[in-house]
Amino acid sequence: HVQLVESGGGSVQAGGSLRLSCTAPGFTSNSCGMDWYRQAAGKQREWVSSISTDGSTSYADSLKGRFTISKDKAKDTVYLQMNTLQPEDTAMYSCRARAGSWCEYNYWGQGTQVTVS
């Protein structure tokens, strides 16, 4: 049974920071990489950031410079450091892990809520 667990969300004032964690046993070292997504109320889920097996990272253009993705293989955890948060960053943040020969299987955590006021 695959279980991803996100944590670190909460309420913060504009300009503040949060660090989200996603514990994903067995996924941080596979060949598929891991991703963060977010979904604001009434909106479609959007991609936030990805980190590959070799540690290379990518970000949504609107978030570059404010968000940083990283991972700790020893802890099987991927992080999302979010700085200078704005009200428009308010959303449910979820991590996604993939598996399979072509990374065709998707696994999601339950999400962690971030509210910026």
# chains A, B, ... in the order shown; residues from 1 in each chain; ligands from 1
$ select_by_dssp --residues "chain A" --states "helix (DSSP H, G or I)" --output "PyMOL selection string"
chain A and resi 61-63+73-75+87-89
$ write_last_selection --atoms "N, CA and C atoms" --output "compact mmCIF listing (two decimals), in the first residue's frame"
# COMPACT_ATOMS: atom_id res chain seq x y z
N ASP A 61 6.64 29.02 -13.84
CA ASP A 61 7.28 30.31 -14.07
C ASP A 61 6.88 31.35 -13.03
N SER A 62 5.63 31.33 -12.62
CA SER A 62 5.14 32.36 -11.69
C SER A 62 5.70 32.19 -10.29
N LEU A 63 6.33 31.04 -10.02
CA LEU A 63 6.80 30.76 -8.67
C LEU A 63 8.32 30.78 -8.54
N LYS A 73 17.03 11.95 0.60
CA LYS A 73 16.81 10.54 0.32
C LYS A 73 16.83 9.70 1.59
N ALA A 74 17.68 10.05 2.51
CA ALA A 74 17.80 9.26 3.74
C ALA A 74 16.50 9.27 4.52
N LYS A 75 15.75 10.36 4.39
CA LYS A 75 14.48 10.48 5.10
C LYS A 75 13.28 10.19 4.20
N PRO A 87 -1.45 35.99 -0.85
CA PRO A 87 -2.79 35.40 -0.74
C PRO A 87 -3.14 34.47 -1.90
N GLU A 88 -2.61 34.75 -3.07
CA GLU A 88 -2.90 33.89 -4.23
C GLU A 88 -2.21 32.54 -4.14
N ASP A 89 -1.34 32.36 -3.16
CA ASP A 89 -0.72 31.05 -2.94
C ASP A 89 -1.60 30.15 -2.09
$ residues_around --residues "A:Ser117" --least-positions-apart "6" --cutoff "12 Å" --atoms "only C-alpha atoms" --output "VMD selection string"
chain A and resid 10 to 16 84 to 91
$ residues_around --residues "stretch 46-49 of chain A" --least-positions-apart "5" --cutoff "9 Å" --atoms "only C-alpha atoms" --output "PyMOL selection string"
chain A and resi 34-40+57-61+63+67-69+80+93
$ write_last_selection --atoms "all heavy atoms" --output "short mmCIF file (atom, residue, chain, number, x, y, z; two decimals), in the first residue's frame"
data_model
loop_
_atom_site.label_atom_id
_atom_site.label_comp_id
_atom_site.auth_asym_id
_atom_site.auth_seq_id
_atom_site.Cartn_x
_atom_site.Cartn_y
_atom_site.Cartn_z
N MET A 34 9.68 13.41 -8.37
CA MET A 34 8.50 13.74 -7.60
C MET A 34 8.09 15.18 -7.86
O MET A 34 8.90 16.00 -8.30
CB MET A 34 8.75 13.52 -6.10
CG MET A 34 8.91 12.05 -5.76
SD MET A 34 8.91 11.74 -3.99
CE MET A 34 7.26 12.28 -3.54
N ASP A 35 6.81 15.46 -7.58
CA ASP A 35 6.24 16.77 -7.94
C ASP A 35 5.39 17.32 -6.80
O ASP A 35 4.85 16.56 -6.00
CB ASP A 35 5.33 16.62 -9.17
CG ASP A 35 5.91 15.73 -10.23
OD1 ASP A 35 6.86 16.16 -10.90
OD2 ASP A 35 5.43 14.59 -10.36
N TRP A 36 5.26 18.61 -6.81
CA TRP A 36 4.27 19.29 -5.98
C TRP A 36 3.24 19.94 -6.89
O TRP A 36 3.60 20.54 -7.93
CB TRP A 36 4.92 20.37 -5.11
CG TRP A 36 5.64 19.87 -3.91
CD1 TRP A 36 6.98 19.67 -3.77
CD2 TRP A 36 5.05 19.52 -2.65
NE1 TRP A 36 7.26 19.21 -2.51
CE2 TRP A 36 6.09 19.11 -1.79
CE3 TRP A 36 3.74 19.51 -2.15
CZ2 TRP A 36 5.88 18.70 -0.47
CZ3 TRP A 36 3.53 19.11 -0.84
CH2 TRP A 36 4.58 18.71 -0.02
N TYR A 37 2.00 19.82 -6.48
CA TYR A 37 0.89 20.48 -7.16
C TYR A 37 0.09 21.27 -6.13
O TYR A 37 0.23 21.05 -4.92
CB TYR A 37 -0.05 19.45 -7.81
CG TYR A 37 0.45 18.86 -9.09
CD1 TYR A 37 1.45 17.88 -9.09
CD2 TYR A 37 -0.06 19.27 -10.32
CE1 TYR A 37 1.91 17.33 -10.27
CE2 TYR A 37 0.40 18.72 -11.51
CZ TYR A 37 1.38 17.76 -11.47
OH TYR A 37 1.83 17.22 -12.66
N ARG A 38 -0.75 22.15 -6.61
CA ARG A 38 -1.64 22.85 -5.70
C ARG A 38 -2.99 23.08 -6.38
O ARG A 38 -3.07 23.14 -7.61
CB ARG A 38 -1.05 24.18 -5.23
CG ARG A 38 -0.95 25.25 -6.31
CD ARG A 38 -0.27 26.49 -5.75
NE ARG A 38 -0.22 27.57 -6.73
CZ ARG A 38 0.36 28.74 -6.49
NH1 ARG A 38 0.95 28.99 -5.32
NH2 ARG A 38 0.36 29.68 -7.43
N GLN A 39 -4.00 23.19 -5.55
CA GLN A 39 -5.34 23.45 -6.06
C GLN A 39 -6.05 24.43 -5.15
O GLN A 39 -6.29 24.12 -3.97
CB GLN A 39 -6.15 22.16 -6.19
CG GLN A 39 -7.49 22.36 -6.86
CD GLN A 39 -8.16 21.05 -7.23
OE1 GLN A 39 -7.84 19.99 -6.69
NE2 GLN A 39 -9.10 21.09 -8.17
N ALA A 40 -6.34 25.58 -5.70
CA ALA A 40 -7.11 26.58 -4.96
C ALA A 40 -8.59 26.28 -5.10
O ALA A 40 -9.03 25.62 -6.06
CB ALA A 40 -6.79 27.97 -5.48
N THR A 57 15.84 20.42 -10.77
CA THR A 57 14.54 20.96 -10.36
C THR A 57 13.92 21.81 -11.44
O THR A 57 14.62 22.34 -12.33
CB THR A 57 14.70 21.80 -9.08
OG1 THR A 57 15.61 22.88 -9.35
CG2 THR A 57 15.24 20.97 -7.93
N SER A 58 12.62 21.95 -11.37
CA SER A 58 11.91 22.84 -12.28
C SER A 58 10.72 23.43 -11.53
O SER A 58 10.22 22.82 -10.57
CB SER A 58 11.46 22.10 -13.54
OG SER A 58 10.69 20.96 -13.21
N TYR A 59 10.30 24.62 -11.99
CA TYR A 59 9.26 25.36 -11.30
C TYR A 59 8.30 26.00 -12.29
O TYR A 59 8.69 26.35 -13.41
CB TYR A 59 9.88 26.47 -10.45
CG TYR A 59 10.85 25.99 -9.41
CD1 TYR A 59 12.21 25.89 -9.70
CD2 TYR A 59 10.42 25.62 -8.14
CE1 TYR A 59 13.11 25.43 -8.76
CE2 TYR A 59 11.31 25.17 -7.19
CZ TYR A 59 12.65 25.07 -7.51
OH TYR A 59 13.54 24.61 -6.57
N ALA A 60 7.08 26.19 -11.83
CA ALA A 60 6.16 27.01 -12.60
C ALA A 60 6.75 28.42 -12.69
O ALA A 60 7.33 28.92 -11.71
CB ALA A 60 4.79 27.05 -11.92
N ASP A 61 6.64 29.02 -13.84
CA ASP A 61 7.28 30.31 -14.07
C ASP A 61 6.88 31.35 -13.03
O ASP A 61 7.71 32.15 -12.58
CB ASP A 61 6.91 30.84 -15.47
CG ASP A 61 7.63 30.09 -16.57
OD1 ASP A 61 8.64 29.42 -16.27
OD2 ASP A 61 7.19 30.17 -17.73
N LEU A 63 6.33 31.04 -10.02
CA LEU A 63 6.80 30.76 -8.67
C LEU A 63 8.32 30.78 -8.54
O LEU A 63 8.85 30.67 -7.44
CB LEU A 63 6.28 29.40 -8.21
CG LEU A 63 4.77 29.23 -8.23
CD1 LEU A 63 4.39 27.81 -7.85
CD2 LEU A 63 4.11 30.23 -7.30
N PHE A 67 9.81 29.77 -4.48
CA PHE A 67 9.66 28.40 -4.01
C PHE A 67 10.91 27.60 -4.34
O PHE A 67 11.52 27.79 -5.39
CB PHE A 67 8.47 27.72 -4.68
CG PHE A 67 7.11 28.21 -4.20
CD1 PHE A 67 6.97 29.40 -3.49
CD2 PHE A 67 5.98 27.45 -4.47
CE1 PHE A 67 5.73 29.83 -3.06
CE2 PHE A 67 4.73 27.87 -4.03
CZ PHE A 67 4.60 29.06 -3.33
N THR A 68 11.28 26.69 -3.44
CA THR A 68 12.43 25.82 -3.66
C THR A 68 12.07 24.40 -3.28
O THR A 68 11.62 24.15 -2.16
CB THR A 68 13.63 26.28 -2.82
OG1 THR A 68 13.96 27.64 -3.14
CG2 THR A 68 14.85 25.40 -3.11
N ILE A 69 12.28 23.48 -4.21
CA ILE A 69 12.03 22.07 -3.95
C ILE A 69 13.35 21.39 -3.65
O ILE A 69 14.39 21.73 -4.23
CB ILE A 69 11.32 21.40 -5.14
CG1 ILE A 69 10.83 20.00 -4.78
CG2 ILE A 69 12.22 21.36 -6.37
CD1 ILE A 69 9.94 19.37 -5.85
N LEU A 80 9.14 21.45 0.09
CA LEU A 80 8.85 22.64 -0.71
C LEU A 80 8.94 23.84 0.21
O LEU A 80 8.08 24.04 1.07
CB LEU A 80 7.46 22.56 -1.35
CG LEU A 80 7.13 23.71 -2.31
CD1 LEU A 80 8.00 23.61 -3.56
CD2 LEU A 80 5.65 23.70 -2.69
N TYR A 93 -2.00 21.91 -1.10
CA TYR A 93 -0.77 21.48 -1.75
C TYR A 93 -0.63 19.96 -1.58
O TYR A 93 -0.75 19.44 -0.47
CB TYR A 93 0.43 22.19 -1.14
CG TYR A 93 0.53 23.63 -1.56
CD1 TYR A 93 -0.35 24.59 -1.08
CD2 TYR A 93 1.52 24.04 -2.47
CE1 TYR A 93 -0.26 25.91 -1.48
CE2 TYR A 93 1.62 25.37 -2.87
CZ TYR A 93 0.72 26.29 -2.38
OH TYR A 93 0.81 27.60 -2.78
#
$ residues_around --residues "A:Val5" --least-positions-apart "2" --cutoff "6 Å" --atoms "only C-alpha atoms" --output "ChimeraX atom specification"
/A:22-23,109
$ select_by_dssp --residues "chain A" --states "strand (DSSP E)" --output "VMD selection string"
chain A and resid 5 to 7 10 to 12 18 to 23 34 to 39 46 to 51 57 to 59 67 to 72 77 to 82 91 to 99 105 to 108 112 to 116
$ residues_around --residues "A:Gly100" --least-positions-apart "4" --cutoff "9 Å" --atoms "only C-alpha atoms" --output "list in words"
Cys32, Glu104 and Tyr105 of chain A
$ closest_residue --among "A:Asn83, A:Phe27, A:Arg19, A:Asp54" --to "A:Tyr107" --atoms "only C-alpha atoms"
A:Phe27
$ atom_distance --atom1 "atom CA of A:Gln113" --atom2 "atom CA of A:Gln81"
14.3 Å
$ atom_distance --atom1 "atom CA of A:Glu6" --atom2 "atom CA of A:Thr112"
5.9 Å
$ atom_distance --atom1 "atom CA of A:Gly111" --atom2 "atom CA of A:Gly26"
18.7 Å
$ decode --residues "stretch 41-84 of chain A" --atoms "N, CA and C atoms" --output "mmCIF file, in the first residue's frame"
data_model
loop_
_atom_site.group_PDB
_atom_site.id
_atom_site.type_symbol
_atom_site.label_atom_id
_atom_site.label_comp_id
_atom_site.auth_asym_id
_atom_site.auth_seq_id
_atom_site.Cartn_x
_atom_site.Cartn_y
_atom_site.Cartn_z
ATOM 1 N N ALA A 41 -9.353 26.754 -4.166
ATOM 2 C CA ALA A 41 -10.803 26.525 -4.187
ATOM 3 C C ALA A 41 -11.400 27.041 -5.490
ATOM 4 N N GLY A 42 -12.154 26.180 -6.164
ATOM 5 C CA GLY A 42 -12.826 26.570 -7.392
ATOM 6 C C GLY A 42 -11.939 26.625 -8.617
ATOM 7 N N LYS A 43 -10.694 26.206 -8.472
ATOM 8 C CA LYS A 43 -9.768 26.244 -9.602
ATOM 9 C C LYS A 43 -9.217 24.861 -9.894
ATOM 10 N N GLN A 44 -8.637 24.737 -11.077
ATOM 11 C CA GLN A 44 -8.016 23.468 -11.437
ATOM 12 C C GLN A 44 -6.684 23.292 -10.722
ATOM 13 N N ARG A 45 -6.334 22.053 -10.539
ATOM 14 C CA ARG A 45 -5.029 21.762 -9.942
ATOM 15 C C ARG A 45 -3.930 22.231 -10.893
ATOM 16 N N GLU A 46 -2.907 22.827 -10.327
ATOM 17 C CA GLU A 46 -1.804 23.299 -11.147
ATOM 18 C C GLU A 46 -0.479 22.757 -10.619
ATOM 19 N N TRP A 47 0.408 22.541 -11.543
ATOM 20 C CA TRP A 47 1.745 22.050 -11.221
ATOM 21 C C TRP A 47 2.556 23.179 -10.593
ATOM 22 N N VAL A 48 3.302 22.827 -9.557
ATOM 23 C CA VAL A 48 4.122 23.806 -8.849
ATOM 24 C C VAL A 48 5.607 23.595 -9.129
ATOM 25 N N SER A 49 6.075 22.355 -8.903
ATOM 26 C CA SER A 49 7.511 22.121 -8.999
ATOM 27 C C SER A 49 7.775 20.635 -9.105
ATOM 28 N N SER A 50 8.945 20.291 -9.643
ATOM 29 C CA SER A 50 9.374 18.903 -9.755
ATOM 30 C C SER A 50 10.837 18.779 -9.393
ATOM 31 N N ILE A 51 11.184 17.594 -8.913
ATOM 32 C CA ILE A 51 12.585 17.272 -8.665
ATOM 33 C C ILE A 51 12.849 15.887 -9.213
ATOM 34 N N SER A 52 13.926 15.753 -9.979
ATOM 35 C CA SER A 52 14.221 14.490 -10.622
ATOM 36 C C SER A 52 15.140 13.653 -9.743
ATOM 37 N N THR A 53 15.427 12.458 -10.233
ATOM 38 C CA THR A 53 16.285 11.536 -9.491
ATOM 39 C C THR A 53 17.662 12.133 -9.235
ATOM 40 N N ASP A 54 18.185 12.851 -10.227
ATOM 41 C CA ASP A 54 19.523 13.421 -10.076
ATOM 42 C C ASP A 54 19.520 14.752 -9.349
ATOM 43 N N GLY A 55 18.325 15.163 -8.899
ATOM 44 C CA GLY A 55 18.237 16.394 -8.118
ATOM 45 C C GLY A 55 17.947 17.640 -8.908
ATOM 46 N N SER A 56 17.837 17.517 -10.210
ATOM 47 C CA SER A 56 17.511 18.704 -10.998
ATOM 48 C C SER A 56 16.077 19.130 -10.707
ATOM 49 N N THR A 57 15.836 20.415 -10.766
ATOM 50 C CA THR A 57 14.545 20.956 -10.355
ATOM 51 C C THR A 57 13.923 21.813 -11.445
ATOM 52 N N SER A 58 12.624 21.949 -11.370
ATOM 53 C CA SER A 58 11.905 22.838 -12.279
ATOM 54 C C SER A 58 10.719 23.426 -11.532
ATOM 55 N N TYR A 59 10.302 24.618 -11.985
ATOM 56 C CA TYR A 59 9.263 25.356 -11.298
ATOM 57 C C TYR A 59 8.303 26.002 -12.289
ATOM 58 N N ALA A 60 7.080 26.192 -11.830
ATOM 59 C CA ALA A 60 6.155 27.012 -12.601
ATOM 60 C C ALA A 60 6.752 28.416 -12.687
ATOM 61 N N ASP A 61 6.639 29.018 -13.844
ATOM 62 C CA ASP A 61 7.276 30.314 -14.075
ATOM 63 C C ASP A 61 6.881 31.346 -13.029
ATOM 64 N N SER A 62 5.630 31.333 -12.620
ATOM 65 C CA SER A 62 5.142 32.355 -11.691
ATOM 66 C C SER A 62 5.700 32.187 -10.286
ATOM 67 N N LEU A 63 6.327 31.045 -10.017
ATOM 68 C CA LEU A 63 6.802 30.762 -8.669
ATOM 69 C C LEU A 63 8.323 30.784 -8.543
ATOM 70 N N LYS A 64 8.991 30.908 -9.666
ATOM 71 C CA LYS A 64 10.448 30.909 -9.635
ATOM 72 C C LYS A 64 10.964 32.031 -8.738
ATOM 73 N N GLY A 65 11.943 31.670 -7.935
ATOM 74 C CA GLY A 65 12.540 32.655 -7.052
ATOM 75 C C GLY A 65 11.911 32.701 -5.677
ATOM 76 N N ARG A 66 10.696 32.181 -5.542
ATOM 77 C CA ARG A 66 10.039 32.173 -4.231
ATOM 78 C C ARG A 66 9.951 30.782 -3.630
ATOM 79 N N PHE A 67 9.810 29.773 -4.476
ATOM 80 C CA PHE A 67 9.661 28.395 -4.008
ATOM 81 C C PHE A 67 10.914 27.598 -4.337
ATOM 82 N N THR A 68 11.278 26.690 -3.441
ATOM 83 C CA THR A 68 12.429 25.820 -3.656
ATOM 84 C C THR A 68 12.066 24.398 -3.281
ATOM 85 N N ILE A 69 12.277 23.484 -4.209
ATOM 86 C CA ILE A 69 12.027 22.073 -3.947
ATOM 87 C C ILE A 69 13.355 21.390 -3.646
ATOM 88 N N SER A 70 13.325 20.444 -2.735
ATOM 89 C CA SER A 70 14.532 19.693 -2.388
ATOM 90 C C SER A 70 14.116 18.329 -1.872
ATOM 91 N N LYS A 71 15.097 17.461 -1.676
ATOM 92 C CA LYS A 71 14.757 16.145 -1.140
ATOM 93 C C LYS A 71 15.875 15.628 -0.259
ATOM 94 N N ASP A 72 15.484 14.776 0.643
ATOM 95 C CA ASP A 72 16.417 14.092 1.531
ATOM 96 C C ASP A 72 16.158 12.600 1.352
ATOM 97 N N LYS A 73 17.033 11.952 0.603
ATOM 98 C CA LYS A 73 16.808 10.536 0.316
ATOM 99 C C LYS A 73 16.827 9.699 1.586
ATOM 100 N N ALA A 74 17.683 10.047 2.508
ATOM 101 C CA ALA A 74 17.796 9.257 3.738
ATOM 102 C C ALA A 74 16.495 9.268 4.524
ATOM 103 N N LYS A 75 15.747 10.361 4.394
ATOM 104 C CA LYS A 75 14.481 10.479 5.101
ATOM 105 C C LYS A 75 13.284 10.192 4.200
ATOM 106 N N ASP A 76 13.561 9.847 2.928
ATOM 107 C CA ASP A 76 12.468 9.592 1.977
ATOM 108 C C ASP A 76 11.484 10.760 1.943
ATOM 109 N N THR A 77 12.010 11.959 1.959
ATOM 110 C CA THR A 77 11.158 13.141 2.071
ATOM 111 C C THR A 77 11.531 14.175 1.021
ATOM 112 N N VAL A 78 10.506 14.761 0.450
ATOM 113 C CA VAL A 78 10.665 15.888 -0.469
ATOM 114 C C VAL A 78 10.091 17.121 0.207
ATOM 115 N N TYR A 79 10.769 18.239 0.038
ATOM 116 C CA TYR A 79 10.350 19.474 0.695
ATOM 117 C C TYR A 79 9.982 20.530 -0.344
ATOM 118 N N LEU A 80 9.142 21.449 0.086
ATOM 119 C CA LEU A 80 8.851 22.635 -0.714
ATOM 120 C C LEU A 80 8.943 23.843 0.213
ATOM 121 N N GLN A 81 10.026 24.586 0.056
ATOM 122 C CA GLN A 81 10.212 25.802 0.822
ATOM 123 C C GLN A 81 9.507 26.937 0.083
ATOM 124 N N MET A 82 8.597 27.594 0.756
ATOM 125 C CA MET A 82 7.819 28.666 0.135
ATOM 126 C C MET A 82 8.070 29.964 0.877
ATOM 127 N N ASN A 83 8.608 30.928 0.181
ATOM 128 C CA ASN A 83 8.921 32.222 0.770
ATOM 129 C C ASN A 83 8.071 33.321 0.148
ATOM 130 N N THR A 84 8.017 34.435 0.844
ATOM 131 C CA THR A 84 7.271 35.603 0.372
ATOM 132 C C THR A 84 5.874 35.190 -0.109
#
